[in-house]
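Undergrad: model.cif is the file, holding mmCIF, C-alpha atoms and all ligand atoms:
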```cif
data_start
loop_
_atom_site.label_atom_id
_atom_site.label_comp_id
_atom_site.auth_asym_id
_atom_site.auth_seq_id
_atom_site.Cartn_x
_atom_site.Cartn_y
_atom_site.Cartn_z
CA MET A 28 -79.22 -41.23 -41.46
CA ASN A 29 -77.31 -38.94 -39.11
CA VAL A 30 -78.06 -39.19 -35.40
CA PRO A 31 -76.97 -36.04 -33.56
CA LEU A 32 -75.79 -36.15 -29.96
CA LEU A 33 -78.24 -33.34 -29.24
CA ASP A 34 -80.87 -31.53 -31.34
CA VAL A 35 -82.01 -28.37 -29.53
CA ASN A 36 -84.39 -27.44 -32.34
CA ALA A 37 -86.34 -30.67 -31.80
CA GLN A 38 -87.20 -29.25 -28.38
CA ASN A 39 -87.54 -25.56 -29.17
CA HIS A 40 -89.40 -25.60 -32.48
CA PRO A 41 -92.56 -27.35 -31.18
CA ILE A 42 -92.96 -24.57 -28.57
CA ALA A 43 -91.90 -21.73 -30.92
CA ASP A 44 -95.23 -19.91 -30.49
CA GLU A 45 -94.91 -19.88 -26.71
CA LEU A 46 -91.28 -18.70 -26.97
CA ARG A 47 -92.26 -15.96 -29.44
CA ALA A 48 -95.01 -14.77 -27.10
CA ALA A 49 -92.47 -14.54 -24.27
CA PHE A 50 -90.11 -12.59 -26.53
CA GLU A 51 -92.89 -10.20 -27.59
CA ARG A 52 -93.82 -9.63 -23.94
CA VAL A 53 -90.24 -8.71 -22.99
CA LEU A 54 -89.82 -6.58 -26.11
CA ALA A 55 -93.00 -4.67 -25.30
CA SER A 56 -91.92 -4.16 -21.67
CA GLY A 57 -88.60 -2.56 -22.63
CA TYR A 58 -87.16 -4.08 -19.44
CA PHE A 59 -84.23 -6.34 -20.33
CA ILE A 60 -82.10 -6.98 -17.25
CA MET A 61 -83.55 -8.65 -14.11
CA GLY A 62 -87.02 -7.32 -13.16
CA ALA A 63 -90.39 -9.10 -13.03
CA GLU A 64 -89.53 -11.88 -15.54
CA VAL A 65 -86.50 -12.89 -13.48
CA GLU A 66 -88.47 -12.71 -10.22
CA LYS A 67 -91.19 -14.92 -11.69
CA PHE A 68 -88.63 -17.46 -12.88
CA GLU A 69 -86.91 -17.44 -9.49
CA ALA A 70 -90.22 -18.08 -7.71
CA SER A 71 -91.08 -20.97 -10.08
CA THR A 72 -87.68 -22.64 -9.77
CA ALA A 73 -87.64 -22.24 -5.98
CA GLU A 74 -91.01 -23.96 -5.82
CA TYR A 75 -90.01 -26.65 -8.30
CA LEU A 76 -86.79 -27.46 -6.43
CA GLY A 77 -88.20 -27.06 -2.93
CA ALA A 78 -85.64 -24.34 -2.17
CA LYS A 79 -86.16 -21.34 0.10
CA HIS A 80 -84.23 -18.90 -2.10
CA ALA A 81 -83.51 -19.09 -5.85
CA ILE A 82 -81.30 -16.41 -7.42
CA GLY A 83 -81.15 -16.14 -11.21
CA VAL A 84 -77.65 -15.53 -12.57
CA SER A 85 -75.79 -15.20 -15.86
CA SER A 86 -74.46 -18.78 -16.18
CA GLY A 87 -73.75 -21.97 -14.28
CA THR A 88 -70.14 -20.89 -14.00
CA ASP A 89 -71.12 -17.57 -12.44
CA ALA A 90 -73.43 -19.39 -10.03
CA ILE A 91 -70.43 -21.36 -8.71
CA LEU A 92 -68.21 -18.29 -8.54
CA LEU A 93 -70.90 -16.30 -6.74
CA ALA A 94 -71.48 -19.12 -4.23
CA LEU A 95 -67.76 -19.23 -3.42
CA MET A 96 -67.59 -15.44 -3.11
CA ALA A 97 -70.66 -15.29 -0.87
CA LEU A 98 -69.04 -17.87 1.43
CA GLY A 99 -65.96 -15.65 1.63
CA ILE A 100 -63.65 -18.23 0.06
CA GLY A 101 -60.43 -16.81 -1.35
CA GLN A 102 -56.65 -16.58 -1.13
CA GLY A 103 -55.09 -19.22 1.14
CA ASP A 104 -58.21 -21.40 1.26
CA GLU A 105 -58.59 -24.86 -0.21
CA VAL A 106 -61.73 -26.36 -1.70
CA ILE A 107 -62.04 -30.09 -2.38
CA CYS A 108 -63.72 -31.16 -5.62
CA PRO A 109 -63.66 -34.16 -7.92
CA SER A 110 -61.05 -34.19 -10.68
CA PHE A 111 -63.55 -35.89 -13.02
CA THR A 112 -65.79 -32.93 -13.83
CA PHE A 113 -66.27 -30.03 -16.23
CA PHE A 114 -63.67 -27.29 -15.90
CA ALA A 115 -65.99 -24.67 -14.36
CA THR A 116 -66.07 -26.51 -11.02
CA ALA A 117 -62.32 -26.17 -10.51
CA GLY A 118 -61.84 -23.00 -12.56
CA CYS A 119 -64.13 -20.99 -10.27
CA ILE A 120 -62.28 -22.15 -7.16
CA ALA A 121 -59.01 -20.98 -8.71
CA ARG A 122 -60.55 -17.65 -9.79
CA THR A 123 -61.35 -16.76 -6.16
CA GLY A 124 -57.65 -17.19 -5.33
CA ALA A 125 -58.32 -20.44 -3.47
CA THR A 126 -56.75 -23.77 -4.41
CA PRO A 127 -58.79 -26.62 -5.87
CA VAL A 128 -57.78 -29.94 -4.28
CA PHE A 129 -58.76 -32.84 -6.46
CA CYS A 130 -60.16 -36.11 -5.20
CA GLU A 131 -61.24 -39.40 -6.69
CA SER A 132 -64.58 -40.44 -8.18
CA HIS A 133 -66.51 -43.70 -8.09
CA ALA A 134 -66.21 -45.72 -11.30
CA ASP A 135 -69.85 -46.86 -11.26
CA THR A 136 -71.61 -43.50 -10.75
CA PHE A 137 -68.83 -41.11 -11.96
CA ASN A 138 -69.46 -39.07 -8.80
CA ILE A 139 -67.14 -37.91 -6.01
CA ASP A 140 -65.72 -40.57 -3.70
CA PHE A 141 -65.79 -39.09 -0.20
CA SER A 142 -63.47 -41.76 1.19
CA SER A 143 -60.71 -40.36 -1.05
CA ALA A 144 -61.62 -36.82 0.00
CA GLU A 145 -60.42 -37.57 3.56
CA ALA A 146 -56.79 -37.48 2.45
CA CYS A 147 -57.34 -34.03 0.89
CA VAL A 148 -58.27 -32.26 4.13
CA THR A 149 -55.82 -29.75 5.61
CA GLU A 150 -56.22 -26.88 8.07
CA ARG A 151 -56.81 -24.64 5.03
CA THR A 152 -59.80 -26.62 3.70
CA LYS A 153 -62.89 -24.43 3.77
CA ALA A 154 -65.40 -26.19 1.53
CA VAL A 155 -66.19 -29.24 -0.54
CA MET A 156 -67.90 -29.11 -3.92
CA PRO A 157 -69.61 -32.33 -5.01
CA VAL A 158 -70.72 -32.37 -8.66
CA HIS A 159 -73.93 -34.23 -9.52
CA LEU A 160 -72.52 -35.50 -12.78
CA PHE A 161 -74.46 -36.64 -15.86
CA GLY A 162 -77.88 -36.38 -14.17
CA GLN A 163 -77.67 -38.11 -10.80
CA SER A 164 -76.84 -37.05 -7.29
CA ALA A 165 -73.52 -37.58 -5.58
CA ASP A 166 -73.72 -39.44 -2.27
CA MET A 167 -75.08 -36.58 -0.15
CA LYS A 168 -75.27 -38.66 3.03
CA ALA A 169 -71.51 -39.22 2.79
CA CYS A 170 -71.09 -35.55 1.85
CA GLN A 171 -72.93 -34.29 4.91
CA ALA A 172 -71.00 -36.64 7.23
CA PHE A 173 -67.69 -35.51 5.67
CA ALA A 174 -68.58 -31.81 5.78
CA SER A 175 -69.76 -31.84 9.37
CA LYS A 176 -66.75 -33.92 10.52
CA HIS A 177 -64.39 -31.28 9.09
CA ASP A 178 -66.66 -28.25 9.52
CA LEU A 179 -66.77 -27.44 5.80
CA ALA A 180 -69.18 -25.44 3.69
CA VAL A 181 -70.81 -27.40 0.85
CA ILE A 182 -71.56 -26.14 -2.66
CA GLU A 183 -73.37 -28.62 -4.91
CA ASP A 184 -72.50 -28.17 -8.58
CA THR A 185 -75.87 -29.22 -9.96
CA ALA A 186 -75.33 -27.89 -13.50
CA GLN A 187 -76.20 -31.28 -14.99
CA SER A 188 -78.86 -32.46 -12.54
CA MET A 189 -81.62 -29.91 -12.00
CA GLY A 190 -84.59 -31.85 -10.64
CA ALA A 191 -82.71 -35.12 -10.07
CA ARG A 192 -83.55 -36.46 -6.63
CA TYR A 193 -81.58 -37.91 -3.77
CA ASP A 194 -83.72 -39.49 -1.03
CA SER A 195 -86.65 -37.64 -2.64
CA LYS A 196 -85.03 -34.18 -2.25
CA CYS A 197 -83.99 -32.22 -5.33
CA CYS A 198 -80.23 -32.08 -5.90
CA GLY A 199 -78.74 -28.77 -4.86
CA THR A 200 -81.03 -28.17 -1.88
CA ALA A 201 -79.19 -30.11 0.83
CA SER A 202 -76.28 -27.76 1.45
CA ASP A 203 -75.15 -24.13 1.68
CA PHE A 204 -75.58 -23.55 -2.06
CA GLY A 205 -76.76 -25.44 -5.11
CA THR A 206 -75.69 -24.11 -8.50
CA TYR A 207 -77.44 -24.79 -11.84
CA SER A 208 -76.75 -24.12 -15.52
CA PHE A 209 -79.16 -23.40 -18.37
CA PHE A 210 -76.53 -23.80 -21.12
CA PRO A 211 -78.49 -25.13 -24.13
CA SER A 212 -77.25 -28.71 -23.67
CA LYS A 213 -78.48 -28.89 -20.09
CA ASN A 214 -81.77 -30.60 -19.18
CA LEU A 215 -83.42 -27.20 -18.81
CA GLY A 216 -81.68 -25.72 -21.83
CA GLY A 217 -81.94 -21.98 -22.41
CA LEU A 218 -81.61 -20.03 -25.64
CA GLY A 219 -78.29 -18.66 -24.50
CA ASP A 220 -76.42 -18.62 -21.19
CA GLY A 221 -78.13 -18.60 -17.82
CA GLY A 222 -77.79 -20.06 -14.35
CA LEU A 223 -79.30 -20.29 -10.89
CA LEU A 224 -78.12 -20.35 -7.31
CA VAL A 225 -80.25 -21.76 -4.50
CA THR A 226 -79.85 -21.70 -0.74
CA GLN A 227 -81.97 -22.28 2.34
CA ASP A 228 -80.02 -19.69 4.34
CA ASP A 229 -81.44 -16.14 4.54
CA GLU A 230 -78.11 -14.46 5.19
CA LEU A 231 -76.27 -16.27 2.38
CA ALA A 232 -79.16 -15.45 0.04
CA ASP A 233 -78.93 -11.79 0.96
CA THR A 234 -75.15 -11.69 0.40
CA ALA A 235 -75.37 -13.57 -2.92
CA THR A 236 -78.21 -11.36 -4.13
CA LYS A 237 -76.16 -8.24 -3.46
CA MET A 238 -72.98 -9.71 -4.95
CA ARG A 239 -74.89 -10.63 -8.11
CA ASN A 240 -75.05 -6.90 -8.82
CA HIS A 241 -71.65 -5.55 -7.73
CA GLY A 242 -72.45 -5.84 -4.02
CA MET A 243 -74.64 -2.81 -4.49
CA HIS A 244 -77.33 -1.82 -1.96
CA PRO A 245 -78.85 0.70 -2.08
CA ARG A 246 -78.10 2.02 -5.56
CA TYR A 247 -74.44 3.12 -5.96
CA TYR A 248 -73.56 2.14 -2.40
CA HIS A 249 -71.29 -0.92 -2.35
CA GLN A 250 -71.09 -2.88 0.90
CA MET A 251 -68.95 -5.58 -0.68
CA VAL A 252 -67.24 -6.42 -3.95
CA GLY A 253 -69.40 -8.50 -6.22
CA GLY A 254 -69.74 -8.67 -9.98
CA ASN A 255 -72.19 -8.56 -12.85
CA PHE A 256 -73.83 -11.96 -12.50
CA ARG A 257 -77.30 -10.77 -13.54
CA LEU A 258 -79.78 -12.80 -15.57
CA ASP A 259 -81.44 -11.27 -18.65
CA ALA A 260 -85.22 -10.78 -18.54
CA LEU A 261 -85.52 -12.39 -21.98
CA GLN A 262 -83.65 -15.53 -20.91
CA ALA A 263 -85.79 -15.79 -17.77
CA ALA A 264 -88.99 -15.43 -19.83
CA LEU A 265 -87.89 -18.14 -22.29
CA LEU A 266 -86.76 -20.45 -19.47
CA SER A 267 -90.12 -19.94 -17.70
CA VAL A 268 -91.81 -21.31 -20.82
CA LYS A 269 -89.49 -24.30 -20.94
CA LEU A 270 -89.93 -25.01 -17.22
CA THR A 271 -93.64 -25.72 -17.84
CA HIS A 272 -92.55 -28.56 -20.19
CA TYR A 273 -89.71 -29.81 -18.02
CA ALA A 274 -91.49 -32.91 -16.69
CA ASP A 275 -91.95 -34.12 -20.30
CA TYR A 276 -88.28 -33.51 -21.10
CA THR A 277 -87.23 -35.51 -18.06
CA ARG A 278 -89.60 -38.35 -18.90
CA GLY A 279 -88.21 -38.48 -22.47
CA ARG A 280 -84.62 -38.76 -21.24
CA GLN A 281 -85.59 -41.44 -18.71
CA GLN A 282 -87.43 -43.48 -21.36
CA ASN A 283 -84.48 -43.27 -23.74
CA ALA A 284 -82.05 -44.29 -21.01
CA ALA A 285 -84.27 -47.23 -20.03
CA TYR A 286 -84.31 -48.36 -23.68
CA TYR A 287 -80.50 -48.37 -23.90
CA LEU A 288 -80.25 -50.18 -20.57
CA GLU A 289 -82.52 -52.90 -21.92
CA LYS A 290 -81.04 -53.20 -25.43
CA LEU A 291 -77.34 -52.88 -24.62
CA GLN A 292 -77.13 -55.20 -21.65
CA ASP A 293 -74.62 -58.06 -21.47
CA LEU A 294 -72.23 -56.84 -24.16
CA PRO A 295 -68.77 -58.00 -23.12
CA GLY A 296 -66.42 -55.05 -22.92
CA LEU A 297 -69.13 -52.46 -22.33
CA ILE A 298 -70.26 -51.20 -18.92
CA LEU A 299 -73.60 -49.45 -18.76
CA PRO A 300 -74.22 -46.52 -16.40
CA THR A 301 -75.78 -47.33 -13.04
CA THR A 302 -78.11 -45.39 -10.78
CA ALA A 303 -77.17 -45.33 -7.09
CA ASP A 304 -79.72 -46.44 -4.47
CA GLY A 305 -82.05 -43.62 -3.45
CA ASN A 306 -81.38 -41.63 -6.64
CA GLU A 307 -83.72 -40.54 -9.39
CA HIS A 308 -81.52 -40.15 -12.48
CA ILE A 309 -82.45 -37.53 -15.09
CA TRP A 310 -79.82 -38.50 -17.68
CA ASN A 311 -78.15 -35.31 -18.84
CA GLN A 312 -75.74 -37.75 -20.41
CA PHE A 313 -75.93 -41.48 -21.07
CA THR A 314 -72.31 -42.41 -20.53
CA ILE A 315 -71.00 -45.88 -21.25
CA ARG A 316 -67.59 -47.28 -20.34
CA VAL A 317 -65.68 -49.11 -23.02
CA LEU A 318 -63.07 -51.56 -21.75
CA ASP A 319 -59.86 -53.01 -23.20
CA GLY A 320 -58.66 -49.73 -24.73
CA LYS A 321 -61.40 -49.80 -27.38
CA ARG A 322 -63.17 -46.54 -26.53
CA ASP A 323 -61.55 -44.45 -29.27
CA ALA A 324 -62.21 -47.15 -31.87
CA LEU A 325 -65.90 -47.27 -30.88
CA LYS A 326 -66.11 -43.49 -31.04
CA GLN A 327 -64.60 -43.51 -34.52
CA ALA A 328 -66.95 -46.29 -35.65
CA LEU A 329 -69.98 -44.28 -34.45
CA VAL A 330 -68.73 -41.05 -36.02
CA ASP A 331 -68.13 -42.90 -39.32
CA GLN A 332 -71.81 -43.91 -39.26
CA GLY A 333 -72.97 -40.36 -38.58
CA ILE A 334 -73.76 -40.96 -34.91
CA GLY A 335 -72.97 -38.10 -32.54
CA CYS A 336 -71.03 -39.03 -29.41
CA GLU A 337 -68.60 -37.24 -27.12
CA ILE A 338 -66.01 -37.88 -24.47
CA TYR A 339 -67.01 -36.17 -21.23
CA TYR A 340 -64.24 -35.71 -20.07
CA PRO A 341 -60.97 -36.66 -21.80
CA VAL A 342 -58.58 -34.82 -19.44
CA PRO A 343 -59.24 -34.83 -15.67
CA MET A 344 -58.70 -31.56 -13.82
CA HIS A 345 -55.54 -32.71 -12.05
CA GLN A 346 -53.93 -33.28 -15.46
CA GLN A 347 -54.91 -29.94 -16.97
CA GLN A 348 -52.02 -27.69 -17.93
CA CYS A 349 -53.37 -24.74 -15.97
CA PHE A 350 -53.32 -26.80 -12.76
CA ALA A 351 -49.89 -28.35 -13.33
CA HIS A 352 -48.42 -26.21 -10.55
CA LEU A 353 -50.78 -27.67 -7.95
CA ALA A 354 -50.21 -30.74 -5.73
CA PRO A 355 -47.82 -33.38 -7.05
CA HIS A 356 -50.24 -35.48 -9.03
CA ALA A 357 -48.16 -38.38 -10.23
CA LYS A 358 -49.69 -40.52 -12.96
CA GLY A 359 -51.99 -43.01 -11.28
CA ASN A 360 -52.50 -40.77 -8.25
CA LEU A 361 -56.19 -40.61 -9.08
CA ALA A 362 -56.34 -43.99 -10.78
CA VAL A 363 -60.12 -44.35 -11.11
CA THR A 364 -60.45 -40.86 -12.56
CA GLU A 365 -57.64 -41.46 -15.04
CA GLN A 366 -59.22 -44.74 -16.09
CA LEU A 367 -62.63 -43.09 -16.55
CA ALA A 368 -61.08 -40.49 -18.84
CA GLN A 369 -59.86 -43.38 -21.03
CA GLN A 370 -63.13 -45.33 -20.99
CA VAL A 371 -66.11 -42.97 -21.10
CA LEU A 372 -68.27 -42.20 -24.11
CA SER A 373 -71.60 -40.37 -24.07
CA ILE A 374 -74.23 -41.29 -26.65
CA PRO A 375 -77.45 -39.47 -27.70
CA VAL A 376 -80.16 -39.48 -25.00
CA TYR A 377 -81.92 -36.13 -25.55
CA PRO A 378 -85.69 -36.27 -24.91
CA GLU A 379 -86.86 -35.95 -28.53
CA LEU A 380 -84.47 -38.61 -29.91
CA PRO A 381 -86.71 -40.67 -32.24
CA ARG A 382 -86.84 -44.39 -31.48
CA ASP A 383 -85.73 -45.37 -35.00
CA GLN A 384 -82.61 -43.22 -34.54
CA GLN A 385 -81.98 -44.75 -31.15
CA ASP A 386 -82.19 -48.17 -32.78
CA ILE A 387 -79.44 -47.08 -35.17
CA VAL A 388 -77.22 -46.24 -32.19
CA VAL A 389 -78.03 -49.57 -30.52
CA SER A 390 -77.24 -51.56 -33.70
CA ALA A 391 -74.00 -49.70 -34.31
CA ILE A 392 -72.79 -50.42 -30.78
CA LYS A 393 -73.86 -54.07 -30.91
CA ASN A 394 -72.11 -54.53 -34.27
CA PHE A 395 -68.93 -53.10 -32.83
CA PHE A 396 -68.70 -55.61 -29.97
C1 LIG B 1 -70.57 -29.79 -14.08
C2 LIG B 1 -70.71 -28.42 -14.67
N1 LIG B 1 -70.42 -27.36 -13.89
C3 LIG B 1 -70.55 -26.10 -14.35
C4 LIG B 1 -70.94 -25.84 -15.62
C5 LIG B 1 -70.97 -24.41 -16.11
O1 LIG B 1 -72.20 -24.01 -16.59
P1 LIG B 1 -72.27 -22.83 -17.70
O2 LIG B 1 -71.86 -23.42 -18.99
O3 LIG B 1 -73.73 -22.44 -17.68
O4 LIG B 1 -71.39 -21.73 -17.25
C6 LIG B 1 -71.27 -26.92 -16.48
C7 LIG B 1 -71.77 -26.73 -17.85
O5 LIG B 1 -71.27 -26.32 -18.79
C8 LIG B 1 -71.13 -28.24 -15.98
O6 LIG B 1 -71.40 -29.29 -16.76
#
```
Will you turn the file into structure tokens for me?
TA:
Amino acid sequence: MNVPLLDVNAQNHPIADELRAAFERVLASGYFIMGAEVEKFEASTAEYLGAKHAIGVSSGTDAILLALMALGIGQGDEVICPSFTFFATAGCIARTGATPVFCESHADTFNIDFSSAEACVTERTKAVMPVHLFGQSADMKACQAFASKHDLAVIEDTAQSMGARYDSKCCGTASDFGTYSFFPSKNLGGLGDGGLLVTQDDELADTATKMRNHGMHPRYYHQMVGGNFRLDALQAALLSVKLTHYADYTRGRQQNAAYYLEKLQDLPGLILPTTADGNEHIWNQFTIRVLDGKRDALKQALVDQGIGCEIYYPVPMHQQQCFAHLAPHAKGNLAVTEQLAQQVLSIPVYPELPRDQQDIVVSAIKNFF
């Protein structure tokens, strides 16, 4: 039996009637970009997250880019971010003309290590971008201390952790901007691309809202240069349906993660993911670490048995070809990050994963060690 890493149909098909009704409503309205569906979704997500302003946008990548633009970050500026992340974090910094400066991550949580960020600060540093990776918060207490010490703006890349909590606050709400993704593999997975930007600051919200639509206000008057970062009405309507089921999706992921944590404990050579104190983990990924250079062999063994698994992420940002011209990153410069890239493997944890399929994953891993 094949066990996929993710099965989006297992989530979408049971609510097909609700999704069809949302589609019919948008079709009948003839209103396809922004409008009432987007406003309703923004109000629901703001309430769910405990955020003052929620701004629907075209993708998680565009949410990051828009946050950076609204903060006025550009040419000559530097923004600190972890090297162990998805490309969009660093790519957006570079697209503004600013320079991404890569720092280390913690091996146990995979999240940014603020003690290593100290060495990255220069007089050009304008912001820091923690990433709440795999479903749990970065250390936001350390983040706030670091940001206020150096007078930096903070953007939380929350693409993978919408609704995860840190000290009972939702990730993405403790800083200038939180950015979210609704790419289909995310915990709130859309039927296409979509994203969200949140802020507690009225002025930043106003700027970002204008920049989302070419900096236009009123119509055809442009106070600033923005872009087309608008969210489709259809995507907002479909996401609004899925948001009403989100608590179930989260519970499913948490139950599956708890099952792995129980069944895979004490295997020599395998390190299970940990949840930091004060965090509620929502498990966008269940990422194990395989020691002794055996990660690729385990991956191959799982693939051979029809079990979906993936390496998030095989090449850290500081070793990407497109960033080769940046700071002199000698091999071993970011040793923990480089080691993580050699050790990590994500296994199926999606909410609808049937228990008998999860048992197949557990047995295959146990047999390997
Ligand atoms: C950490 C992180 N940041 C940003 C993004 C970008 O989101 P999107 O794919 O919606 O543009 C993703 C997801 O792909 C992500 O995992």
Undergrad: Neighbours of ligand LIG 1 (chain B) within 9 Å, counting all atoms listed in the file, as a PDB file with C-alpha atoms, in the frame of the given file?
TA:
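And here is the file that came out, out.pdb:
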```
ATOM      1  CA  SER A  85     -75.790 -15.200 -15.860  1.00  0.00           C
ATOM      2  CA  SER A  86     -74.460 -18.780 -16.180  1.00  0.00           C
ATOM      3  CA  GLY A  87     -73.750 -21.970 -14.280  1.00  0.00           C
ATOM      4  CA  THR A  88     -70.140 -20.890 -14.000  1.00  0.00           C
ATOM      5  CA  ASP A  89     -71.120 -17.570 -12.440  1.00  0.00           C
ATOM      6  CA  ALA A  90     -73.430 -19.390 -10.030  1.00  0.00           C
ATOM      7  CA  ILE A  91     -70.430 -21.360  -8.710  1.00  0.00           C
ATOM      8  CA  THR A 112     -65.790 -32.930 -13.830  1.00  0.00           C
ATOM      9  CA  PHE A 113     -66.270 -30.030 -16.230  1.00  0.00           C
ATOM     10  CA  PHE A 114     -63.670 -27.290 -15.900  1.00  0.00           C
ATOM     11  CA  ALA A 115     -65.990 -24.670 -14.360  1.00  0.00           C
ATOM     12  CA  THR A 116     -66.070 -26.510 -11.020  1.00  0.00           C
ATOM     13  CA  ALA A 117     -62.320 -26.170 -10.510  1.00  0.00           C
ATOM     14  CA  VAL A 158     -70.720 -32.370  -8.660  1.00  0.00           C
ATOM     15  CA  HIS A 159     -73.930 -34.230  -9.520  1.00  0.00           C
ATOM     16  CA  LEU A 160     -72.520 -35.500 -12.780  1.00  0.00           C
ATOM     17  CA  PHE A 161     -74.460 -36.640 -15.860  1.00  0.00           C
ATOM     18  CA  ASP A 184     -72.500 -28.170  -8.580  1.00  0.00           C
ATOM     19  CA  THR A 185     -75.870 -29.220  -9.960  1.00  0.00           C
ATOM     20  CA  ALA A 186     -75.330 -27.890 -13.500  1.00  0.00           C
ATOM     21  CA  GLN A 187     -76.200 -31.280 -14.990  1.00  0.00           C
ATOM     22  CA  SER A 188     -78.860 -32.460 -12.540  1.00  0.00           C
ATOM     23  CA  THR A 206     -75.690 -24.110  -8.500  1.00  0.00           C
ATOM     24  CA  TYR A 207     -77.440 -24.790 -11.840  1.00  0.00           C
ATOM     25  CA  SER A 208     -76.750 -24.120 -15.520  1.00  0.00           C
ATOM     26  CA  PHE A 209     -79.160 -23.400 -18.370  1.00  0.00           C
ATOM     27  CA  PHE A 210     -76.530 -23.800 -21.120  1.00  0.00           C
ATOM     28  CA  PRO A 211     -78.490 -25.130 -24.130  1.00  0.00           C
ATOM     29  CA  SER A 212     -77.250 -28.710 -23.670  1.00  0.00           C
ATOM     30  CA  LYS A 213     -78.480 -28.890 -20.090  1.00  0.00           C
ATOM     31  CA  ASP A 220     -76.420 -18.620 -21.190  1.00  0.00           C
ATOM     32  CA  GLY A 221     -78.130 -18.600 -17.820  1.00  0.00           C
ATOM     33  CA  GLY A 222     -77.790 -20.060 -14.350  1.00  0.00           C
TER      34      GLY A 222
END
```
Undergrad: Using all atoms listed in the file, which of the listed residues (A:Thr364, A:Gln327, A:Gln282, A:Ser373) sits closest to Met344 (chain A)?
TA: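 Counting all atoms listed in the file, the residue closest to Met344 (chain A) is A:Thr364.
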Undergrad: With all atoms listed in the file as the atoms that count, which of A:Ser143, A:Thr136, A:Thr271, A:Asn311 lies nearest to Ile374 (chain A)?
TA: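 Smallest distance to Ile374 (chain A) is found for A:Asn311.
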Undergrad: For region 238-293 of chain A versus region 54-78 of chain A, which residues have an atom no more than 12 Å away, and what is each residue's nearest atom pair and distance in Å rounded to one decimal, using all atoms listed in the file, chain-then-number order, as a Markdown table?
TA:
```
| residue | atom | partner | partner_atom | distance |
| --- | --- | --- | --- | --- |
| A:Arg239 | CA | A:Met61 | CA | 10.7 |
| A:Asn240 | CA | A:Met61 | CA | 10.2 |
| A:Asn255 | CA | A:Ile60 | CA | 11.0 |
| A:Phe256 | CA | A:Met61 | CA | 10.4 |
| A:Arg257 | CA | A:Met61 | CA | 6.6 |
| A:Leu258 | CA | A:Met61 | CA | 5.8 |
| A:Asp259 | CA | A:Ile60 | CA | 4.6 |
| A:Ala260 | CA | A:Phe59 | CA | 4.9 |
| A:Leu261 | CA | A:Phe59 | CA | 6.4 |
| A:Gln262 | CA | A:Val65 | CA | 8.4 |
| A:Ala263 | CA | A:Val65 | CA | 5.2 |
| A:Ala264 | CA | A:Glu64 | CA | 5.6 |
| A:Leu265 | CA | A:Glu64 | CA | 9.4 |
| A:Leu266 | CA | A:Phe68 | CA | 7.5 |
| A:Ser267 | CA | A:Phe68 | CA | 5.6 |
| A:Val268 | CA | A:Phe68 | CA | 9.4 |
| A:Lys269 | CA | A:Phe68 | CA | 10.6 |
| A:Leu270 | CA | A:Thr72 | CA | 8.1 |
| A:Thr271 | CA | A:Ser71 | CA | 9.5 |
| A:Tyr273 | CA | A:Tyr75 | CA | 10.2 |
| A:Ala274 | CA | A:Tyr75 | CA | 10.6 |
```
Undergrad: When you draw a straight line from CA of Val317 (chain A) to CA of Asp304 (chain A), how long is it in Å?
TA: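 CA of Asp304 (chain A) lies 23.4 Å from CA of Val317 (chain A).
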Undergrad: Using only C-alpha atoms, can you tell me which of A:Gln347, A:Asn138, A:Thr301, A:Asn214 comes closest to Tyr276 (chain A)?
TA: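 Selected residue with least distance to Tyr276 (chain A): A:Asn214.
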Undergrad: Tell me which residues come within 8 Å of (-78.4, -36.9, -21.0), as a list in words, counting all atoms listed in the file in the file's coordinates.
TA: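 Protein and nucleic acid residues near the point are Phe161, Gly162, Asn214, Arg280, Ile309, Trp310, Asn311, Gln312, Phe313, Pro375, Val376 and Tyr377 of chain A.
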Undergrad: Quick one: distance from CA of Ile139 (chain A) to CA of Val225 (chain A) in Å, one decimal?
TA: 20.9 Å
Undergrad: Near His133 (chain A), within 12 Å and counting all atoms listed in the file, which residues show up once chain neighbours fewer than 3 positions away are dropped, as a list in words?
TA: Pro109, Ser110, Phe111, Cys130, Thr136, Phe137, Asn138, Ile139, Asp140, Phe141, Ser142, Ser143, Ala144, Leu160, Ala165, Asp166, Pro300, Thr301, Ala303, Leu361, Ala362, Val363, Thr364, Glu365, Gln366 and Leu367 of chain A
Undergrad: Using CA of Asp229 (chain A) and CA of Leu215 (chain A) as the two end points, give the distance in Å to one decimal.
TA: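 Spanning CA of Asp229 (chain A) to CA of Leu215 (chain A) is a straight-line distance of 25.9 Å.
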Undergrad: Using only C-alpha atoms, which residues sit within 7 Å of Phe204 (chain A) once same-chain residues fewer than 4 positions away are excluded, as an MDAnalysis selection string?
TA: chainID A and resid 94 181:183 199 224:226
Undergrad: For the residues in that selection, give me C-alpha atoms as a PDB file, keeping the file's coordinate frame.
TA:
```pdb
ATOM      1  CA  ALA A  94     -71.480 -19.120  -4.230  1.00  0.00           C
ATOM      2  CA  VAL A 181     -70.810 -27.400   0.850  1.00  0.00           C
ATOM      3  CA  ILE A 182     -71.560 -26.140  -2.660  1.00  0.00           C
ATOM      4  CA  GLU A 183     -73.370 -28.620  -4.910  1.00  0.00           C
ATOM      5  CA  GLY A 199     -78.740 -28.770  -4.860  1.00  0.00           C
ATOM      6  CA  LEU A 224     -78.120 -20.350  -7.310  1.00  0.00           C
ATOM      7  CA  VAL A 225     -80.250 -21.760  -4.500  1.00  0.00           C
ATOM      8  CA  THR A 226     -79.850 -21.700  -0.740  1.00  0.00           C
TER       9      THR A 226
END
```
Undergrad: Out of A:Met96, A:Leu32, A:Val155, A:Ala121, which residue has the shortest atom-to-atom distance to Cys108 (chain A) when counting all atoms listed in the file?
TA: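 Closest residue, counting all atoms listed in the file: A:Val155.
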